[in-house]
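The block underneath contains the structure these notes are about, expressed in structure tokens.
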Amino acid sequence: MSKLIQYVIVRSDLSKNMQWPLGAVIAQSCHACAAVIHNFYNDEYTQQYLADLDNMHKVVLEVTDESSLNDVHKKLQENNIDHKLWIEQPENIPTCLVTKPYPKEEIHKYVKKLKLLQ
């Protein structure tokens with residue numbers, strides 16, 4: 001089996017346009033990572049990913065805004081790709097999305113047009 005990978009997709013406008021501090025943006029991603037591991041804890045890929053903690057592989061990508069994040073969310077839903085869209089409360093702002101761990105060849109096609117978070 002190929003290496004398992006987890007994608008973290010963050011809205012770049014949070015820090016660039018909305019002036020969110022870097023720590024707040026990172027916290028959003030951390031919340032979503034914890035939630036997706038919890039939600040899919042018994043999944044075979046998740047268990048394999050957790051069995052080798054020192055070699056976890058994550059890639060952090062960016063989308064430009066809420067609409068773009070929702071587009072990725074919809075595409076993943078349509079293709080039955082397990083993930084968590086994190087919505088910050090009480091503001092009700094979608095901030096990021098994290099996939100459960102997958103073999104790269106199963107998931108890369110859904111995110112290959114996205115750039116690394118800058």
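Please note that chains go A, B, ... in the order of the structure tokens, that every chain numbers its residues from 1, and that ligands are numbered from 1 in the order shown.
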
* **All residues 7 Å or closer to Ser12 (chain A), only C-alpha atoms, same chain fewer than 5 positions away omitted, as a PyMOL selection string** => chain A and resi 62-65

Can I get the selected residues back with N, CA and C atoms, as a PDB file, in the first residue's frame?
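What landed in selection-v9.pdb:
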```
ATOM      1  N   GLU A  62      -4.298  25.629   0.393  1.00  0.00           N
ATOM      2  CA  GLU A  62      -5.128  26.805   0.607  1.00  0.00           C
ATOM      3  C   GLU A  62      -6.202  26.935  -0.458  1.00  0.00           C
ATOM      4  N   VAL A  63      -7.296  27.546  -0.043  1.00  0.00           N
ATOM      5  CA  VAL A  63      -8.318  28.043  -0.954  1.00  0.00           C
ATOM      6  C   VAL A  63      -8.457  29.527  -0.654  1.00  0.00           C
ATOM      7  N   THR A  64      -9.025  30.262  -1.575  1.00  0.00           N
ATOM      8  CA  THR A  64      -9.025  31.718  -1.429  1.00  0.00           C
ATOM      9  C   THR A  64     -10.075  32.258  -0.473  1.00  0.00           C
ATOM     10  N   ASP A  65     -11.211  31.549  -0.337  1.00  0.00           N
ATOM     11  CA  ASP A  65     -12.307  32.126   0.445  1.00  0.00           C
ATOM     12  C   ASP A  65     -13.323  31.048   0.828  1.00  0.00           C
TER      13      ASP A  65
END
```

* To do: Using only C-alpha atoms, determine which residues lie at most 7 Å from Cys96 (chain A), disregarding the query and same-chain residues fewer than 6 positions distant; provide the list as number ranges by chain.
  => A: 9-11, 28-29, 85-86

Would you save the residues from that selection as an mmCIF file, in the first residue's frame, using N, CA and C atoms?
```
data_model
loop_
_atom_site.group_PDB
_atom_site.id
_atom_site.type_symbol
_atom_site.label_atom_id
_atom_site.label_comp_id
_atom_site.auth_asym_id
_atom_site.auth_seq_id
_atom_site.Cartn_x
_atom_site.Cartn_y
_atom_site.Cartn_z
ATOM 1 N N ILE A 9 -7.047 21.785 4.360
ATOM 2 C CA ILE A 9 -7.322 22.850 3.393
ATOM 3 C C ILE A 9 -7.854 24.058 4.158
ATOM 4 N N VAL A 10 -7.124 25.161 4.059
ATOM 5 C CA VAL A 10 -7.378 26.348 4.878
ATOM 6 C C VAL A 10 -7.733 27.533 3.981
ATOM 7 N N ARG A 11 -8.641 28.348 4.453
ATOM 8 C CA ARG A 11 -8.968 29.596 3.749
ATOM 9 C C ARG A 11 -7.855 30.608 3.940
ATOM 10 N N GLN A 28 -7.682 26.490 14.103
ATOM 11 C CA GLN A 28 -8.802 25.962 13.316
ATOM 12 C C GLN A 28 -8.427 24.620 12.687
ATOM 13 N N SER A 29 -7.230 24.567 12.120
ATOM 14 C CA SER A 29 -6.759 23.331 11.497
ATOM 15 C C SER A 29 -6.583 22.221 12.531
ATOM 16 N N LEU A 85 -15.536 19.423 7.632
ATOM 17 C CA LEU A 85 -15.534 20.865 7.380
ATOM 18 C C LEU A 85 -15.648 21.524 8.746
ATOM 19 N N TRP A 86 -14.623 22.284 9.137
ATOM 20 C CA TRP A 86 -14.659 22.925 10.449
ATOM 21 C C TRP A 86 -15.359 24.267 10.333
#
```

* Quote the spacing between CA of Lys115 (chain A) and CA of Val59 (chain A) in Å to one decimal place. => 10.0 Å

* Shortest interatomic distance to Lys100 (chain A) - which of A:Gln6, A:Asn55, A:Asn79, A:Gln19, counting only C-alpha atoms -> A:Gln6

* To do: Skip Tyr45 (chain A) itself and residues of its chain fewer than 6 positions away, then list as a list in words all residues within 8 Å of it, counting only C-alpha atoms.
  =>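 Once the adjacent positions are removed, what remains is Leu4, Lys100, Pro101, Tyr102 and Pro103 of chain A.
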
* Which is closer to Glu66 (chain A) than all the others in A:Lys3, A:Ile93, A:Thr99, A:Ser15, using only C-alpha atoms? -> A:Ile93

* Interatomic distance (Å, one decimal) between CA of Asn42 (chain A) and CA of His73 (chain A) ->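 Computed distance, CA of Asn42 (chain A) to CA of His73 (chain A), equals 22.0 Å.
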
* Asked: So which bits of chain A end up alpha helix (DSSP H) when you DSSP the backbone, as a PyMOL selection string?
  -> chain A and resi 13-16+22-39+44-50+66-78+104-111

Please, which residues of region 20-115 of chain A, numbered as in this document, come out strand (DSSP E or B) from DSSP, as a PDB file with all heavy atoms, in the first residue's frame?
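That gives us selection06.pdb:
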```pdb
ATOM      1  N   LYS A  58       1.006  14.972   6.372  1.00  0.00           N
ATOM      2  CA  LYS A  58      -0.065  15.929   6.118  1.00  0.00           C
ATOM      3  C   LYS A  58       0.438  16.932   5.087  1.00  0.00           C
ATOM      4  O   LYS A  58       1.615  17.274   5.056  1.00  0.00           O
ATOM      5  CB  LYS A  58      -0.446  16.695   7.390  1.00  0.00           C
ATOM      6  CG  LYS A  58      -1.234  15.901   8.392  1.00  0.00           C
ATOM      7  CD  LYS A  58      -1.586  16.767   9.590  1.00  0.00           C
ATOM      8  CE  LYS A  58      -2.443  16.046  10.595  1.00  0.00           C
ATOM      9  NZ  LYS A  58      -1.954  14.748  11.035  1.00  0.00           N
ATOM     10  N   VAL A  59      -0.496  17.410   4.277  1.00  0.00           N
ATOM     11  CA  VAL A  59      -0.193  18.480   3.340  1.00  0.00           C
ATOM     12  C   VAL A  59      -1.215  19.579   3.593  1.00  0.00           C
ATOM     13  O   VAL A  59      -2.421  19.315   3.626  1.00  0.00           O
ATOM     14  CB  VAL A  59      -0.259  17.989   1.877  1.00  0.00           C
ATOM     15  CG1 VAL A  59      -0.076  19.144   0.907  1.00  0.00           C
ATOM     16  CG2 VAL A  59       0.790  16.912   1.626  1.00  0.00           C
ATOM     17  N   VAL A  60      -0.726  20.804   3.783  1.00  0.00           N
ATOM     18  CA  VAL A  60      -1.602  21.930   4.078  1.00  0.00           C
ATOM     19  C   VAL A  60      -1.726  22.780   2.817  1.00  0.00           C
ATOM     20  O   VAL A  60      -0.752  23.342   2.327  1.00  0.00           O
ATOM     21  CB  VAL A  60      -1.070  22.768   5.265  1.00  0.00           C
ATOM     22  CG1 VAL A  60      -2.028  23.908   5.577  1.00  0.00           C
ATOM     23  CG2 VAL A  60      -0.862  21.882   6.486  1.00  0.00           C
ATOM     24  N   LEU A  61      -2.954  22.844   2.316  1.00  0.00           N
ATOM     25  CA  LEU A  61      -3.265  23.555   1.082  1.00  0.00           C
ATOM     26  C   LEU A  61      -4.141  24.756   1.390  1.00  0.00           C
ATOM     27  O   LEU A  61      -4.674  24.874   2.491  1.00  0.00           O
ATOM     28  CB  LEU A  61      -3.998  22.615   0.117  1.00  0.00           C
ATOM     29  CG  LEU A  61      -3.269  21.314  -0.220  1.00  0.00           C
ATOM     30  CD1 LEU A  61      -4.187  20.370  -0.996  1.00  0.00           C
ATOM     31  CD2 LEU A  61      -1.992  21.596  -0.996  1.00  0.00           C
ATOM     32  N   GLU A  62      -4.298  25.629   0.393  1.00  0.00           N
ATOM     33  CA  GLU A  62      -5.128  26.805   0.607  1.00  0.00           C
ATOM     34  C   GLU A  62      -6.202  26.935  -0.458  1.00  0.00           C
ATOM     35  O   GLU A  62      -6.032  26.483  -1.594  1.00  0.00           O
ATOM     36  CB  GLU A  62      -4.293  28.080   0.667  1.00  0.00           C
ATOM     37  CG  GLU A  62      -3.676  28.497  -0.639  1.00  0.00           C
ATOM     38  CD  GLU A  62      -2.874  29.794  -0.531  1.00  0.00           C
ATOM     39  OE1 GLU A  62      -2.508  30.208   0.584  1.00  0.00           O
ATOM     40  OE2 GLU A  62      -2.618  30.389  -1.587  1.00  0.00           O
ATOM     41  N   VAL A  63      -7.296  27.546  -0.043  1.00  0.00           N
ATOM     42  CA  VAL A  63      -8.318  28.043  -0.954  1.00  0.00           C
ATOM     43  C   VAL A  63      -8.457  29.527  -0.654  1.00  0.00           C
ATOM     44  O   VAL A  63      -8.059  29.990   0.419  1.00  0.00           O
ATOM     45  CB  VAL A  63      -9.676  27.313  -0.786  1.00  0.00           C
ATOM     46  CG1 VAL A  63      -9.574  25.865  -1.243  1.00  0.00           C
ATOM     47  CG2 VAL A  63     -10.186  27.397   0.641  1.00  0.00           C
ATOM     48  N   HIS A  83     -14.308  13.481   5.346  1.00  0.00           N
ATOM     49  CA  HIS A  83     -13.607  14.690   5.768  1.00  0.00           C
ATOM     50  C   HIS A  83     -14.445  15.412   6.811  1.00  0.00           C
ATOM     51  O   HIS A  83     -15.577  15.030   7.087  1.00  0.00           O
ATOM     52  CB  HIS A  83     -13.355  15.610   4.571  1.00  0.00           C
ATOM     53  CG  HIS A  83     -14.610  16.146   3.945  1.00  0.00           C
ATOM     54  ND1 HIS A  83     -15.411  15.386   3.118  1.00  0.00           N
ATOM     55  CD2 HIS A  83     -15.216  17.354   4.045  1.00  0.00           C
ATOM     56  CE1 HIS A  83     -16.448  16.100   2.728  1.00  0.00           C
ATOM     57  NE2 HIS A  83     -16.366  17.310   3.281  1.00  0.00           N
ATOM     58  N   LYS A  84     -13.873  16.478   7.360  1.00  0.00           N
ATOM     59  CA  LYS A  84     -14.571  17.333   8.313  1.00  0.00           C
ATOM     60  C   LYS A  84     -14.410  18.779   7.867  1.00  0.00           C
ATOM     61  O   LYS A  84     -13.293  19.274   7.713  1.00  0.00           O
ATOM     62  CB  LYS A  84     -13.989  17.154   9.724  1.00  0.00           C
ATOM     63  CG  LYS A  84     -14.530  18.124  10.760  1.00  0.00           C
ATOM     64  CD  LYS A  84     -15.992  17.888  11.050  1.00  0.00           C
ATOM     65  CE  LYS A  84     -16.476  18.837  12.156  1.00  0.00           C
ATOM     66  NZ  LYS A  84     -17.914  18.767  12.315  1.00  0.00           N
ATOM     67  N   LEU A  85     -15.536  19.423   7.632  1.00  0.00           N
ATOM     68  CA  LEU A  85     -15.534  20.865   7.380  1.00  0.00           C
ATOM     69  C   LEU A  85     -15.648  21.524   8.746  1.00  0.00           C
ATOM     70  O   LEU A  85     -16.638  21.311   9.459  1.00  0.00           O
ATOM     71  CB  LEU A  85     -16.725  21.242   6.496  1.00  0.00           C
ATOM     72  CG  LEU A  85     -16.923  22.735   6.247  1.00  0.00           C
ATOM     73  CD1 LEU A  85     -15.753  23.303   5.436  1.00  0.00           C
ATOM     74  CD2 LEU A  85     -18.244  22.986   5.527  1.00  0.00           C
ATOM     75  N   TRP A  86     -14.623  22.284   9.137  1.00  0.00           N
ATOM     76  CA  TRP A  86     -14.659  22.925  10.449  1.00  0.00           C
ATOM     77  C   TRP A  86     -15.359  24.267  10.333  1.00  0.00           C
ATOM     78  O   TRP A  86     -14.997  25.107   9.507  1.00  0.00           O
ATOM     79  CB  TRP A  86     -13.247  23.130  11.014  1.00  0.00           C
ATOM     80  CG  TRP A  86     -13.333  23.614  12.423  1.00  0.00           C
ATOM     81  CD1 TRP A  86     -13.166  24.895  12.871  1.00  0.00           C
ATOM     82  CD2 TRP A  86     -13.677  22.833  13.567  1.00  0.00           C
ATOM     83  NE1 TRP A  86     -13.370  24.952  14.225  1.00  0.00           N
ATOM     84  CE2 TRP A  86     -13.684  23.694  14.677  1.00  0.00           C
ATOM     85  CE3 TRP A  86     -13.968  21.496  13.770  1.00  0.00           C
ATOM     86  CZ2 TRP A  86     -13.978  23.271  15.965  1.00  0.00           C
ATOM     87  CZ3 TRP A  86     -14.253  21.055  15.045  1.00  0.00           C
ATOM     88  CH2 TRP A  86     -14.256  21.927  16.126  1.00  0.00           C
ATOM     89  N   ILE A  87     -16.376  24.457  11.174  1.00  0.00           N
ATOM     90  CA  ILE A  87     -17.129  25.707  11.198  1.00  0.00           C
ATOM     91  C   ILE A  87     -16.960  26.325  12.584  1.00  0.00           C
ATOM     92  O   ILE A  87     -17.410  25.762  13.580  1.00  0.00           O
ATOM     93  CB  ILE A  87     -18.609  25.462  10.860  1.00  0.00           C
ATOM     94  CG1 ILE A  87     -18.711  24.828   9.466  1.00  0.00           C
ATOM     95  CG2 ILE A  87     -19.393  26.773  10.940  1.00  0.00           C
ATOM     96  CD1 ILE A  87     -20.110  24.444   9.049  1.00  0.00           C
ATOM     97  N   GLU A  88     -16.268  27.445  12.617  1.00  0.00           N
ATOM     98  CA  GLU A  88     -15.979  28.116  13.888  1.00  0.00           C
ATOM     99  C   GLU A  88     -17.261  28.682  14.485  1.00  0.00           C
ATOM    100  O   GLU A  88     -18.034  29.343  13.801  1.00  0.00           O
ATOM    101  CB  GLU A  88     -14.942  29.223  13.678  1.00  0.00           C
ATOM    102  CG  GLU A  88     -14.579  29.987  14.918  1.00  0.00           C
ATOM    103  CD  GLU A  88     -13.944  29.145  16.013  1.00  0.00           C
ATOM    104  OE1 GLU A  88     -13.595  27.965  15.792  1.00  0.00           O
ATOM    105  OE2 GLU A  88     -13.777  29.683  17.121  1.00  0.00           O
ATOM    106  N   ILE A  93     -18.556  30.403  10.968  1.00  0.00           N
ATOM    107  CA  ILE A  93     -17.687  30.667   9.817  1.00  0.00           C
ATOM    108  C   ILE A  93     -16.943  29.389   9.438  1.00  0.00           C
ATOM    109  O   ILE A  93     -16.143  28.883  10.224  1.00  0.00           O
ATOM    110  CB  ILE A  93     -16.647  31.763  10.147  1.00  0.00           C
ATOM    111  CG1 ILE A  93     -17.334  33.081  10.487  1.00  0.00           C
ATOM    112  CG2 ILE A  93     -15.674  31.955   8.991  1.00  0.00           C
ATOM    113  CD1 ILE A  93     -16.381  34.158  10.980  1.00  0.00           C
ATOM    114  N   PRO A  94     -17.178  28.850   8.225  1.00  0.00           N
ATOM    115  CA  PRO A  94     -16.361  27.719   7.760  1.00  0.00           C
ATOM    116  C   PRO A  94     -14.920  28.200   7.566  1.00  0.00           C
ATOM    117  O   PRO A  94     -14.686  29.178   6.861  1.00  0.00           O
ATOM    118  CB  PRO A  94     -16.994  27.324   6.427  1.00  0.00           C
ATOM    119  CG  PRO A  94     -18.339  27.972   6.417  1.00  0.00           C
ATOM    120  CD  PRO A  94     -18.209  29.209   7.261  1.00  0.00           C
ATOM    121  N   THR A  95     -13.976  27.544   8.233  1.00  0.00           N
ATOM    122  CA  THR A  95     -12.590  28.026   8.198  1.00  0.00           C
ATOM    123  C   THR A  95     -11.626  27.085   7.485  1.00  0.00           C
ATOM    124  O   THR A  95     -10.661  27.534   6.879  1.00  0.00           O
ATOM    125  CB  THR A  95     -12.064  28.260   9.617  1.00  0.00           C
ATOM    126  OG1 THR A  95     -12.177  27.042  10.356  1.00  0.00           O
ATOM    127  CG2 THR A  95     -12.843  29.371  10.306  1.00  0.00           C
ATOM    128  N   CYS A  96     -11.860  25.785   7.596  1.00  0.00           N
ATOM    129  CA  CYS A  96     -10.945  24.826   6.987  1.00  0.00           C
ATOM    130  C   CYS A  96     -11.644  23.481   6.834  1.00  0.00           C
ATOM    131  O   CYS A  96     -12.756  23.276   7.333  1.00  0.00           O
ATOM    132  CB  CYS A  96      -9.666  24.682   7.804  1.00  0.00           C
ATOM    133  SG  CYS A  96      -9.919  23.997   9.437  1.00  0.00           S
ATOM    134  N   LEU A  97     -10.956  22.596   6.182  1.00  0.00           N
ATOM    135  CA  LEU A  97     -11.470  21.260   5.918  1.00  0.00           C
ATOM    136  C   LEU A  97     -10.298  20.299   6.019  1.00  0.00           C
ATOM    137  O   LEU A  97      -9.196  20.618   5.565  1.00  0.00           O
ATOM    138  CB  LEU A  97     -12.051  21.266   4.507  1.00  0.00           C
ATOM    139  CG  LEU A  97     -12.618  20.019   3.892  1.00  0.00           C
ATOM    140  CD1 LEU A  97     -13.637  20.412   2.829  1.00  0.00           C
ATOM    141  CD2 LEU A  97     -11.576  19.128   3.296  1.00  0.00           C
ATOM    142  N   VAL A  98     -10.536  19.144   6.629  1.00  0.00           N
ATOM    143  CA  VAL A  98      -9.484  18.141   6.755  1.00  0.00           C
ATOM    144  C   VAL A  98     -10.044  16.793   6.312  1.00  0.00           C
ATOM    145  O   VAL A  98     -11.134  16.401   6.732  1.00  0.00           O
ATOM    146  CB  VAL A  98      -8.955  18.046   8.204  1.00  0.00           C
ATOM    147  CG1 VAL A  98      -7.920  16.944   8.334  1.00  0.00           C
ATOM    148  CG2 VAL A  98      -8.359  19.378   8.640  1.00  0.00           C
ATOM    149  N   THR A  99      -9.289  16.097   5.483  1.00  0.00           N
ATOM    150  CA  THR A  99      -9.698  14.754   5.078  1.00  0.00           C
ATOM    151  C   THR A  99      -9.194  13.742   6.096  1.00  0.00           C
ATOM    152  O   THR A  99      -8.221  13.995   6.805  1.00  0.00           O
ATOM    153  CB  THR A  99      -9.116  14.370   3.706  1.00  0.00           C
ATOM    154  OG1 THR A  99      -7.689  14.252   3.797  1.00  0.00           O
ATOM    155  CG2 THR A  99      -9.503  15.392   2.634  1.00  0.00           C
ATOM    156  N   TYR A 102      -5.893   8.927   3.700  1.00  0.00           N
ATOM    157  CA  TYR A 102      -6.172   8.089   2.528  1.00  0.00           C
ATOM    158  C   TYR A 102      -4.855   7.776   1.826  1.00  0.00           C
ATOM    159  O   TYR A 102      -3.918   8.585   1.889  1.00  0.00           O
ATOM    160  CB  TYR A 102      -7.027   8.842   1.499  1.00  0.00           C
ATOM    161  CG  TYR A 102      -8.504   8.846   1.750  1.00  0.00           C
ATOM    162  CD1 TYR A 102      -9.118   9.926   2.372  1.00  0.00           C
ATOM    163  CD2 TYR A 102      -9.303   7.781   1.334  1.00  0.00           C
ATOM    164  CE1 TYR A 102     -10.491   9.947   2.587  1.00  0.00           C
ATOM    165  CE2 TYR A 102     -10.682   7.793   1.536  1.00  0.00           C
ATOM    166  CZ  TYR A 102     -11.258   8.879   2.159  1.00  0.00           C
ATOM    167  OH  TYR A 102     -12.614   8.886   2.366  1.00  0.00           O
ATOM    168  N   PRO A 103      -4.802   6.679   1.078  1.00  0.00           N
ATOM    169  CA  PRO A 103      -3.664   6.493   0.175  1.00  0.00           C
ATOM    170  C   PRO A 103      -3.666   7.643  -0.842  1.00  0.00           C
ATOM    171  O   PRO A 103      -4.736   8.037  -1.336  1.00  0.00           O
ATOM    172  CB  PRO A 103      -3.955   5.162  -0.511  1.00  0.00           C
ATOM    173  CG  PRO A 103      -4.881   4.444   0.412  1.00  0.00           C
ATOM    174  CD  PRO A 103      -5.710   5.526   1.061  1.00  0.00           C
ATOM    175  N   LYS A 115      -3.060  24.949  -4.173  1.00  0.00           N
ATOM    176  CA  LYS A 115      -1.662  25.304  -3.884  1.00  0.00           C
ATOM    177  C   LYS A 115      -1.378  25.096  -2.400  1.00  0.00           C
ATOM    178  O   LYS A 115      -2.272  25.134  -1.556  1.00  0.00           O
ATOM    179  CB  LYS A 115      -1.407  26.766  -4.249  1.00  0.00           C
ATOM    180  CG  LYS A 115      -1.555  27.034  -5.720  1.00  0.00           C
ATOM    181  CD  LYS A 115      -1.334  28.496  -6.027  1.00  0.00           C
ATOM    182  CE  LYS A 115      -1.512  28.731  -7.517  1.00  0.00           C
ATOM    183  NZ  LYS A 115      -1.424  30.139  -7.879  1.00  0.00           N
TER     184      LYS A 115
END
```

* **Nearest-residue call for Leu117 (chain A), choices A:Asp52, A:Glu44, A:Asp13, A:Glu91, using only C-alpha atoms** =>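 The answer is A:Asp13, which sits nearest to Leu117 (chain A).
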
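Here CA of Lys109 (chain A) stands at a distance of 10.6 Å from CA of Leu76 (chain A).
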